[in-house]
$ cat data21.txt   # compact mmCIF, C-alpha atoms
# COMPACT_ATOMS: atom_id res chain seq x y z
CA MET S 61 7.07 1.90 18.76
CA ASN S 62 8.94 0.55 21.75
CA ASP S 63 7.54 1.27 25.24
CA MET S 64 10.98 1.46 26.83
CA THR S 65 12.03 4.35 29.08
CA PRO S 66 13.71 7.06 26.98
CA ILE S 67 17.45 7.54 27.56
CA GLU S 68 19.80 10.31 26.53
CA THR S 69 22.17 9.57 23.67
CA THR S 70 24.00 11.58 21.02
CA LEU S 71 24.81 11.03 17.36
CA LYS S 72 28.20 9.60 18.37
CA ASP S 73 26.51 6.91 20.48
CA TRP S 74 24.93 5.48 17.31
CA GLU S 75 28.08 5.50 15.18
CA THR S 76 30.21 2.34 14.93
CA ASP S 77 33.94 1.92 14.34
CA GLN S 78 33.26 0.32 10.95
CA GLU S 79 34.37 2.03 7.76
CA VAL S 80 31.25 3.13 5.87
CA ARG S 81 31.65 1.50 2.48
CA TRP S 82 29.26 2.96 -0.05
CA CYS S 83 30.23 4.72 -3.26
CA PRO S 84 31.25 8.36 -2.70
CA GLY S 85 28.14 10.49 -3.15
CA CYS S 86 25.68 7.65 -2.52
CA GLY S 87 22.37 8.73 -0.99
CA ASP S 88 22.75 6.00 1.64
CA TYR S 89 25.17 8.23 3.56
CA ALA S 90 22.50 10.90 4.02
CA ILE S 91 19.90 8.34 5.13
CA LEU S 92 22.34 6.83 7.64
CA LYS S 93 23.03 10.24 9.17
CA ALA S 94 19.32 11.08 9.25
CA VAL S 95 18.62 7.87 11.18
CA GLN S 96 21.58 8.36 13.54
CA ARG S 97 20.50 11.93 14.27
CA THR S 98 16.87 10.94 14.79
CA LEU S 99 17.44 8.05 17.21
CA PRO S 100 18.63 10.32 20.07
CA MET S 101 15.55 12.53 19.56
CA LEU S 102 13.37 9.45 20.08
CA GLY S 103 15.05 8.50 23.34
CA ALA S 104 15.96 5.15 21.79
CA ASP S 105 18.36 2.83 23.61
CA PRO S 106 21.14 1.10 21.59
CA LYS S 107 20.89 -1.90 23.92
CA ASN S 108 17.22 -2.39 23.01
CA THR S 109 17.49 -1.59 19.30
CA VAL S 110 17.93 -4.05 16.44
CA PHE S 111 18.54 -3.25 12.77
CA VAL S 112 17.73 -6.09 10.36
CA SER S 113 18.57 -6.09 6.65
CA GLY S 114 18.54 -8.38 3.64
CA ILE S 115 20.94 -8.09 0.69
CA GLY S 116 21.87 -5.02 -1.32
CA CYS S 117 23.68 -1.72 -0.87
CA SER S 118 21.13 -0.55 1.72
CA SER S 119 21.55 -3.78 3.65
CA ARG S 120 25.02 -2.82 4.91
CA PHE S 121 23.14 -0.54 7.30
CA PRO S 122 23.40 -2.72 10.46
CA TYR S 123 27.22 -2.50 10.35
CA TYR S 124 27.07 1.26 10.72
CA VAL S 125 24.56 1.66 13.57
CA GLU S 126 25.81 1.03 17.13
CA SER S 127 23.05 -1.39 18.12
CA TYR S 128 22.25 -5.04 17.67
CA GLY S 129 21.93 -6.07 14.03
CA PHE S 130 21.30 -8.89 11.60
CA HIS S 131 22.57 -8.82 8.02
CA SER S 132 20.29 -11.62 6.88
CA ILE S 133 19.57 -13.22 3.49
CA HIS S 134 18.09 -11.92 0.28
CA GLY S 135 14.50 -10.75 0.75
CA ARG S 136 14.04 -12.52 4.09
CA ALA S 137 14.69 -9.66 6.52
CA PRO S 138 10.96 -9.48 7.43
CA ALA S 139 11.02 -13.14 8.53
CA VAL S 140 14.08 -12.53 10.71
CA ALA S 141 12.55 -9.35 12.14
CA THR S 142 9.34 -11.24 12.96
CA GLY S 143 11.29 -13.89 14.88
CA ILE S 144 13.17 -11.22 16.83
CA LYS S 145 10.02 -9.35 17.77
CA LEU S 146 8.20 -12.50 18.87
CA ALA S 147 11.19 -13.65 20.94
CA ASN S 148 11.49 -10.26 22.68
CA PRO S 149 8.57 -7.88 22.00
CA GLN S 150 10.31 -5.12 24.00
CA LEU S 151 13.02 -4.74 21.36
CA ASP S 152 12.79 -1.82 18.97
CA VAL S 153 13.13 -3.38 15.51
CA TRP S 154 14.12 -1.49 12.35
CA LEU S 155 14.04 -3.27 9.00
CA VAL S 156 16.21 -1.91 6.16
CA THR S 157 15.68 -3.11 2.60
CA GLY S 158 15.83 -1.90 -1.00
CA ASP S 159 13.61 -1.86 -4.08
CA GLY S 160 15.23 -5.06 -5.32
CA ASP S 161 15.54 -6.88 -2.00
CA GLY S 162 12.10 -5.86 -0.72
CA MET S 163 10.01 -5.72 -3.89
CA SER S 164 11.40 -8.61 -5.96
CA ILE S 165 12.75 -11.73 -4.24
CA GLY S 166 11.41 -10.42 -0.91
CA GLY S 167 8.08 -9.10 -2.15
CA ASN S 168 6.06 -11.86 -0.51
CA HIS S 169 7.88 -11.40 2.80
CA THR S 170 7.30 -7.65 2.68
CA MET S 171 3.61 -8.27 2.04
CA HIS S 172 3.25 -10.60 5.01
CA VAL S 173 5.06 -8.42 7.54
CA LEU S 174 2.75 -5.57 6.52
CA ARG S 175 -0.52 -7.50 6.60
CA ARG S 176 0.42 -9.05 9.96
CA ASN S 177 1.24 -5.58 11.29
CA LEU S 178 4.43 -6.47 13.13
CA ASP S 179 5.54 -3.55 15.29
CA CYS S 180 8.64 -2.38 13.41
CA GLN S 181 9.93 0.42 11.20
CA ILE S 182 10.49 -0.62 7.57
CA LEU S 183 12.84 1.60 5.53
CA LEU S 184 12.75 0.74 1.84
CA PHE S 185 15.53 2.53 -0.05
CA ASN S 186 14.33 3.04 -3.62
CA ASN S 187 17.03 3.93 -6.15
CA GLU S 188 15.10 2.34 -9.05
CA ILE S 189 18.06 0.11 -9.95
CA TYR S 190 20.04 -2.91 -8.74
CA GLY S 191 23.09 -1.08 -7.43
CA LEU S 192 25.03 -3.86 -5.72
CA THR S 193 24.88 -6.25 -8.70
CA LYS S 194 26.00 -3.63 -11.23
CA GLY S 195 23.02 -1.73 -12.52
CA GLN S 196 20.31 -4.07 -13.79
CA TYR S 197 16.80 -2.60 -13.91
CA SER S 198 14.74 -3.28 -10.77
CA PRO S 199 11.01 -3.71 -10.05
CA THR S 200 10.70 0.08 -9.56
CA SER S 201 12.74 1.20 -12.59
CA ARG S 202 10.82 3.53 -14.87
CA THR S 203 9.75 2.36 -18.30
CA GLY S 204 12.58 3.05 -20.75
CA THR S 205 15.40 2.70 -18.19
CA PRO S 206 18.57 1.54 -20.00
CA SER S 207 20.62 -1.04 -18.11
CA PRO S 208 22.79 -4.13 -18.72
CA THR S 209 19.60 -6.24 -18.70
CA SER S 210 17.58 -3.70 -20.72
CA PRO S 211 20.04 -2.07 -23.13
CA ALA S 212 17.21 -0.71 -25.29
CA GLY S 213 15.24 0.43 -22.26
CA SER S 214 13.03 -1.46 -19.81
CA VAL S 215 9.53 -2.21 -21.07
CA ASP S 216 8.26 -3.19 -17.60
CA ARG S 217 5.69 -1.09 -15.80
CA PRO S 218 7.32 -0.05 -12.50
CA ALA S 219 5.94 -1.18 -9.17
CA SER S 220 4.92 1.47 -6.62
CA PRO S 221 6.21 0.47 -3.16
CA CYS S 222 3.69 2.65 -1.33
CA ALA S 223 0.75 1.35 -3.39
CA PHE S 224 2.03 -2.18 -2.74
CA ALA S 225 2.20 -1.45 0.99
CA LEU S 226 -1.34 -0.10 1.13
CA GLY S 227 -2.59 -3.05 -0.90
CA SER S 228 -0.89 -5.39 1.56
CA GLY S 229 -2.80 -3.86 4.46
CA ALA S 230 -0.15 -1.48 5.82
CA ARG S 231 -1.42 0.87 8.52
CA PHE S 232 1.37 3.42 8.11
CA VAL S 233 2.79 4.56 4.78
CA ALA S 234 5.16 7.47 4.20
CA ARG S 235 7.63 8.81 1.65
CA GLY S 236 10.83 10.79 1.84
CA TYR S 237 14.15 11.17 0.06
CA ASP S 238 17.76 10.88 1.11
CA VAL S 239 18.77 14.54 1.51
CA SER S 240 15.37 15.88 2.58
CA LYS S 241 15.32 18.04 5.69
CA ASP S 242 11.88 16.53 6.43
CA LEU S 243 13.12 12.93 6.57
CA PRO S 244 13.76 12.98 10.36
CA ASP S 245 10.14 14.05 10.96
CA VAL S 246 8.93 11.11 8.89
CA LEU S 247 11.21 8.75 10.83
CA LYS S 248 9.84 10.10 14.12
CA ALA S 249 6.25 9.55 13.00
CA ALA S 250 7.07 6.00 11.96
CA TYR S 251 8.69 5.29 15.33
CA LEU S 252 5.67 6.62 17.23
CA HIS S 253 3.28 4.46 15.19
CA LYS S 254 2.37 1.20 16.94
CA GLY S 255 2.60 -1.43 14.20
CA ALA S 256 4.37 -1.88 10.87
CA ALA S 257 5.48 1.54 9.64
CA PHE S 258 6.51 1.53 5.96
CA ILE S 259 8.68 4.35 4.59
CA GLU S 260 9.77 4.55 0.97
CA ILE S 261 12.97 6.62 0.76
CA PHE S 262 14.08 7.75 -2.69
CA GLN S 263 17.86 7.29 -2.78
CA ASN S 264 20.30 8.54 -5.38
CA CYS S 265 22.57 5.83 -6.87
CA ILE S 266 25.53 7.92 -7.96
CA VAL S 267 26.96 5.20 -10.25
CA TYR S 268 24.09 3.43 -12.03
CA ASN S 269 21.10 5.78 -11.78
CA LYS S 270 22.57 9.20 -11.07
CA ASP S 271 20.19 12.10 -10.40
CA ARG S 272 17.13 9.97 -11.18
CA PHE S 273 15.00 11.96 -8.73
CA ASP S 274 16.21 15.45 -9.61
CA ASP S 275 12.92 16.05 -11.41
CA PHE S 276 11.30 16.57 -8.01
CA THR S 277 14.18 16.86 -5.49
CA ASP S 278 16.33 19.51 -7.17
CA LYS S 279 15.99 22.84 -5.36
CA ALA S 280 15.07 24.61 -8.57
CA VAL S 281 11.91 22.53 -9.04
CA ALA S 282 11.13 21.09 -5.60
CA ALA S 283 8.44 23.60 -4.67
CA ASP S 284 6.52 22.95 -7.89
CA ARG S 285 7.00 19.16 -8.02
CA GLN S 286 6.41 18.12 -4.39
CA VAL S 287 3.30 18.11 -2.26
CA GLN S 288 4.06 17.70 1.44
CA CYS S 289 1.40 15.63 3.21
CA ARG S 290 0.79 16.98 6.71
CA ASP S 291 -2.21 15.90 8.74
CA GLY S 292 -4.86 18.62 8.96
CA GLU S 293 -3.21 20.86 6.37
CA PRO S 294 -4.37 21.57 2.79
CA LEU S 295 -2.64 19.67 -0.01
CA LEU S 296 -0.95 22.68 -1.60
CA PHE S 297 2.20 23.01 -3.70
CA ALA S 298 3.91 25.51 -6.00
CA LYS S 299 4.14 27.95 -3.06
CA GLY S 300 0.42 27.69 -2.42
CA THR S 301 -0.66 28.58 -5.95
CA MET S 302 -1.81 25.06 -6.80
CA GLY S 303 -3.45 22.23 -4.91
CA LEU S 304 -5.10 18.84 -5.08
CA ALA S 305 -8.88 18.54 -5.25
CA LEU S 306 -11.29 15.66 -5.78
CA ASP S 307 -12.57 14.97 -9.29
CA LEU S 308 -16.07 13.70 -8.49
CA GLU S 309 -16.69 12.33 -11.99
CA ARG S 310 -13.57 10.16 -12.01
CA LEU S 311 -13.27 9.69 -8.22
CA SER S 312 -9.62 10.63 -8.42
CA LEU S 313 -7.46 13.64 -7.66
CA LYS S 314 -7.03 16.64 -9.91
CA VAL S 315 -4.72 19.66 -9.89
CA VAL S 316 -6.43 23.02 -9.38
CA ASP S 317 -5.23 26.62 -9.37
CA VAL S 318 -5.47 28.57 -6.12
CA VAL S 319 -6.26 32.23 -6.59
CA GLU S 320 -5.07 34.73 -3.95
CA GLY S 321 -4.53 31.97 -1.41
CA ASP S 322 -8.19 30.96 -1.26
CA TRP S 323 -7.65 27.19 -1.31
CA GLN S 324 -11.12 26.49 0.12
CA ALA S 325 -12.78 28.14 -2.87
CA ALA S 326 -10.60 26.03 -5.17
CA GLY S 327 -11.81 22.86 -3.43
CA VAL S 328 -8.35 21.82 -2.21
CA LEU S 329 -8.49 18.78 0.07
CA VAL S 330 -7.23 18.84 3.64
CA HIS S 331 -4.90 15.92 4.31
CA ASN S 332 -6.24 13.28 6.71
CA VAL S 333 -3.74 10.55 7.60
CA ARG S 334 -6.60 8.19 8.56
CA ASN S 335 -8.28 8.43 5.16
CA ARG S 336 -7.22 5.25 3.36
CA ALA S 337 -8.97 6.16 0.10
CA LEU S 338 -7.10 9.47 -0.03
CA ALA S 339 -3.83 7.67 0.70
CA HIS S 340 -4.39 5.34 -2.27
CA MET S 341 -5.05 8.32 -4.55
CA LEU S 342 -1.95 10.17 -3.34
CA VAL S 343 0.48 7.28 -3.89
CA GLU S 344 -1.00 6.41 -7.27
CA MET S 345 -0.83 9.92 -8.76
CA PRO S 346 1.20 9.76 -11.99
CA PHE S 347 4.25 11.93 -11.52
CA GLY S 348 4.55 14.65 -14.11
CA PRO S 349 0.92 15.68 -14.44
CA PHE S 350 0.89 15.55 -10.62
CA PRO S 351 3.50 16.38 -7.97
CA MET S 352 5.24 13.73 -5.88
CA ALA S 353 3.44 13.10 -2.58
CA LEU S 354 5.89 13.14 0.34
CA GLY S 355 5.56 12.93 4.10
CA VAL S 356 3.18 10.82 6.19
CA ILE S 357 0.53 9.68 3.74
CA TYR S 358 -1.35 7.18 5.93
CA ASP S 359 -1.30 6.56 9.68
CA ASP S 360 -4.14 4.54 11.20
CA PRO S 361 -2.95 2.14 13.92
CA ALA S 362 -4.41 -1.34 14.47
CA PRO S 363 -3.57 -4.21 16.87
CA THR S 364 -0.10 -5.63 16.26
CA PHE S 365 0.86 -9.18 15.33
CA GLU S 366 3.06 -9.85 18.33
CA SER S 367 0.41 -8.61 20.79
CA ALA S 368 -2.10 -11.07 19.30
CA VAL S 369 0.40 -13.94 19.49
CA ILE S 370 1.23 -13.14 23.12
CA ALA S 371 -2.44 -12.85 24.09
CA GLU S 372 -3.23 -16.17 22.43
CA ARG S 373 -0.33 -17.88 24.21
CA GLU S 374 -1.33 -16.48 27.59
CA GLY S 375 -4.88 -17.73 27.06
CA LEU S 376 -3.67 -21.23 26.20
CA ILE S 377 -1.43 -21.57 29.26
CA ALA S 378 -3.75 -19.91 31.77
CA GLY S 379 -4.41 -22.20 34.75
CA LYS S 380 -2.05 -24.87 33.45
CA SER S 381 1.26 -26.09 34.84
CA ALA S 382 4.26 -27.04 32.74
CA ASP S 383 4.72 -30.83 32.60
CA LEU S 384 7.09 -32.03 29.89
CA GLY S 385 6.61 -35.70 30.74
CA LYS S 386 2.84 -35.44 30.44
CA LEU S 387 3.20 -33.58 27.15
CA LEU S 388 5.45 -36.28 25.70
CA ALA S 389 3.00 -38.98 26.78
CA LEU S 390 0.09 -37.46 24.85
CA GLY S 391 -1.10 -39.19 21.68
CA GLN S 392 0.47 -42.38 20.33
CA THR S 393 3.33 -43.54 22.49
CA TRP S 394 5.02 -46.88 22.91
CA THR S 395 7.93 -48.44 24.75
CA VAL S 396 10.70 -50.33 22.96
CA SER S 397 12.16 -53.03 25.22

$ encode --input "data21.txt" --output "C-alpha cells"
Amino acid sequence: MNDMTPIETTLKDWETDQEVRWCPGCGDYAILKAVQRTLPMLGADPKNTVFVSGIGCSSRFPYYVESYGFHSIHGRAPAVATGIKLANPQLDVWLVTGDGDGMSIGGNHTMHVLRRNLDCQILLFNNEIYGLTKGQYSPTSRTGTPSPTSPAGSVDRPASPCAFALGSGARFVARGYDVSKDLPDVLKAAYLHKGAAFIEIFQNCIVYNKDRFDDFTDKAVAADRQVQCRDGEPLLFAKGTMGLALDLERLSLKVVDVVEGDWQAAGVLVHNVRNRALAHMLVEMPFGPFPMALGVIYDDPAPTFESAVIAEREGLIAGKSADLGKLLALGQTWTVS
C-alpha cells in the first residue's frame, strides 16, 4: 500500500487513448474495468502509480491504464517491479502477469518477489492455457486438457498459484474471477495490505479455453460451488446449508451439512485471515468434492523488503560524508605514468 495522500479521480482518469486489443469476449476486459473502477475508490494517483507486466495476453495491461507502465520481458516483471520500488518506495506498484508468464519461465522471479515481501500488488491472470502463443497447455492446465502440445490431453499435474504463493512465503493471498462482483473488494484488500499481495484471478480465454471455469462461476451453480472467504465469518456455501469443518483424524478440511442454520453445531470453521494453516487447507482443497475458495484467504502483514533495504542503507551512511575520491582510493590502487 502506498502512503500517498488520496486524490479524487474517476474511471475516465484511468483510461488511456489506446485501442484495447484482446479477443472479443476475453475475461481481461472485465478485469481491466474492475481495476479502473477500483483505483478511484482507493484514492490512488495516476502520477504515483506504475503497472509492470511481462509477456502474454494479460501483459498488455500497462497500455490501457493511464499511469506509468513497463511492458517488460518474459517472466521478469517482478525484477523490474523490485527495481522500481527500491528506486522510489513512494510509488504504488502493480504487477500483472499470467499463469504462463508468472508460473513457468517467471516462476523463480515470482517466488523471490513473494519471499522478499516487496510492497506491491501482484495480479496473476489464470486462464489455464497459453493464450498469446496459440493455445498450448500451461503450468495450471488441468490434467486431460487437449491442446496443440497435448493433443491427447495433458498428463501434467497442474500447479496451484495460491499454494505456490503460500509456499514461497506470501503474506497475502486471495482469489477472484474476471466477472465477479466481489473482485473490487479483493483488489481493495490487496491495496491496503503492506507488502506483496498476491491475487489469482481466474480469466476466461474465449478462444483456446472457453468457459473453463463455468463449473464454479456460472450463475446456476455458483452458490453451490463457491465458498467466499470473509474474515470472521463462517465458511458456508450452498446458501448456508453446507460448510467446511476440520477433520481431526486427517488434519484437513471436510464438507459438512448444516441443519436449520446451526453452523456451530455442525462444527463449521470461522475464517481467520491470519491463520496460515487454514489458508493452506483452503487453497489445496480439490475442486469437485470441495467448493472453490474465493476472496481474501490469507492476510498477515510482515516488514517489507524495501523498508529493510532503506533501513540498512541509512545505518551504513549514518555519520559519514560522501567522498568519491576517498572511495576510489580504497583498496589496491596504482598510478600509471

$ atom_distance --input "data21.txt" --atom1 "atom CA of Thr157 of chain S" --atom2 "atom CA of Cys117 of chain S"
8.8 Å

$ atom_distance --input "data21.txt" --atom1 "atom CA of Gly355 of chain S" --atom2 "atom CA of Ser214 of chain S"
28.9 Å

$ atom_distance --input "data21.txt" --atom1 "atom CA of Pro346 of chain S" --atom2 "atom CA of Pro208 of chain S"
26.5 Å

$ residues_around --input "data21.txt" --residues "segment 360-367 of chain S" --least-positions-apart "6" --cutoff "8 Å" --atoms "only C-alpha atoms" --output "list in words"
Lys145, Leu146, Pro149, Arg176, Asn177, Leu178, Asp179, Arg231, Phe232, His253, Lys254, Gly255, Ala256, Val333 and Arg334 of chain S

$ residues_around --input "data21.txt" --residues "Gly327 of chain S" --least-positions-apart "5" --cutoff "12 Å" --atoms "only C-alpha atoms" --output "list in words"
Pro294, Leu295, Leu296, Met302, Gly303, Leu304, Ala305, Leu306, Asp307, Leu308, Leu313, Lys314, Val315, Val316, Asp317, Val318, Val319, Gly321 and Asp322 of chain S

$ closest_atom_pairs --input "data21.txt" --of "segment 163-228 of chain S" --to "segment 268-276 of chain S" --cutoff "8 Å" --atoms "only C-alpha atoms" --output "JSON lines"
{"residue": "S:Asn187", "atom": "CA", "partner": "S:Asn269", "partner_atom": "CA", "distance": 7.2}
{"residue": "S:Glu188", "atom": "CA", "partner": "S:Asn269", "partner_atom": "CA", "distance": 7.4}
{"residue": "S:Ile189", "atom": "CA", "partner": "S:Asn269", "partner_atom": "CA", "distance": 6.7}
{"residue": "S:Gly191", "atom": "CA", "partner": "S:Tyr268", "partner_atom": "CA", "distance": 6.5}
{"residue": "S:Lys194", "atom": "CA", "partner": "S:Tyr268", "partner_atom": "CA", "distance": 7.4}
{"residue": "S:Gly195", "atom": "CA", "partner": "S:Tyr268", "partner_atom": "CA", "distance": 5.3}

$ residues_around --input "data21.txt" --residues "Phe130 of chain S" --least-positions-apart "6" --cutoff "10 Å" --atoms "all atoms listed in the file" --output "list in words"
Val110, Phe111, Val112, Ser113, Gly114, Ser119, Arg120, Phe121, Pro122, Tyr123, Ala137, Val140, Ala141, Ile144 and Leu155 of chain S

$ closest_residue --input "data21.txt" --among "S:Phe185, S:His340, S:Lys299, S:Glu309" --to "Ser228 of chain S" --atoms "all atoms listed in the file"
S:His340

$ closest_atom_pairs --input "data21.txt" --of "segment 318-378 of chain S" --to "segment 235-251 of chain S" --cutoff "9 Å" --atoms "only C-alpha atoms" --output "JSON lines"
{"residue": "S:Ala353", "atom": "CA", "partner": "S:Arg235", "partner_atom": "CA", "distance": 7.3}
{"residue": "S:Leu354", "atom": "CA", "partner": "S:Arg235", "partner_atom": "CA", "distance": 4.8}
{"residue": "S:Gly355", "atom": "CA", "partner": "S:Arg235", "partner_atom": "CA", "distance": 5.2}
{"residue": "S:Val356", "atom": "CA", "partner": "S:Val246", "partner_atom": "CA", "distance": 6.4}
{"residue": "S:Ile357", "atom": "CA", "partner": "S:Arg235", "partner_atom": "CA", "distance": 7.5}
{"residue": "S:Asp359", "atom": "CA", "partner": "S:Ala250", "partner_atom": "CA", "distance": 8.7}
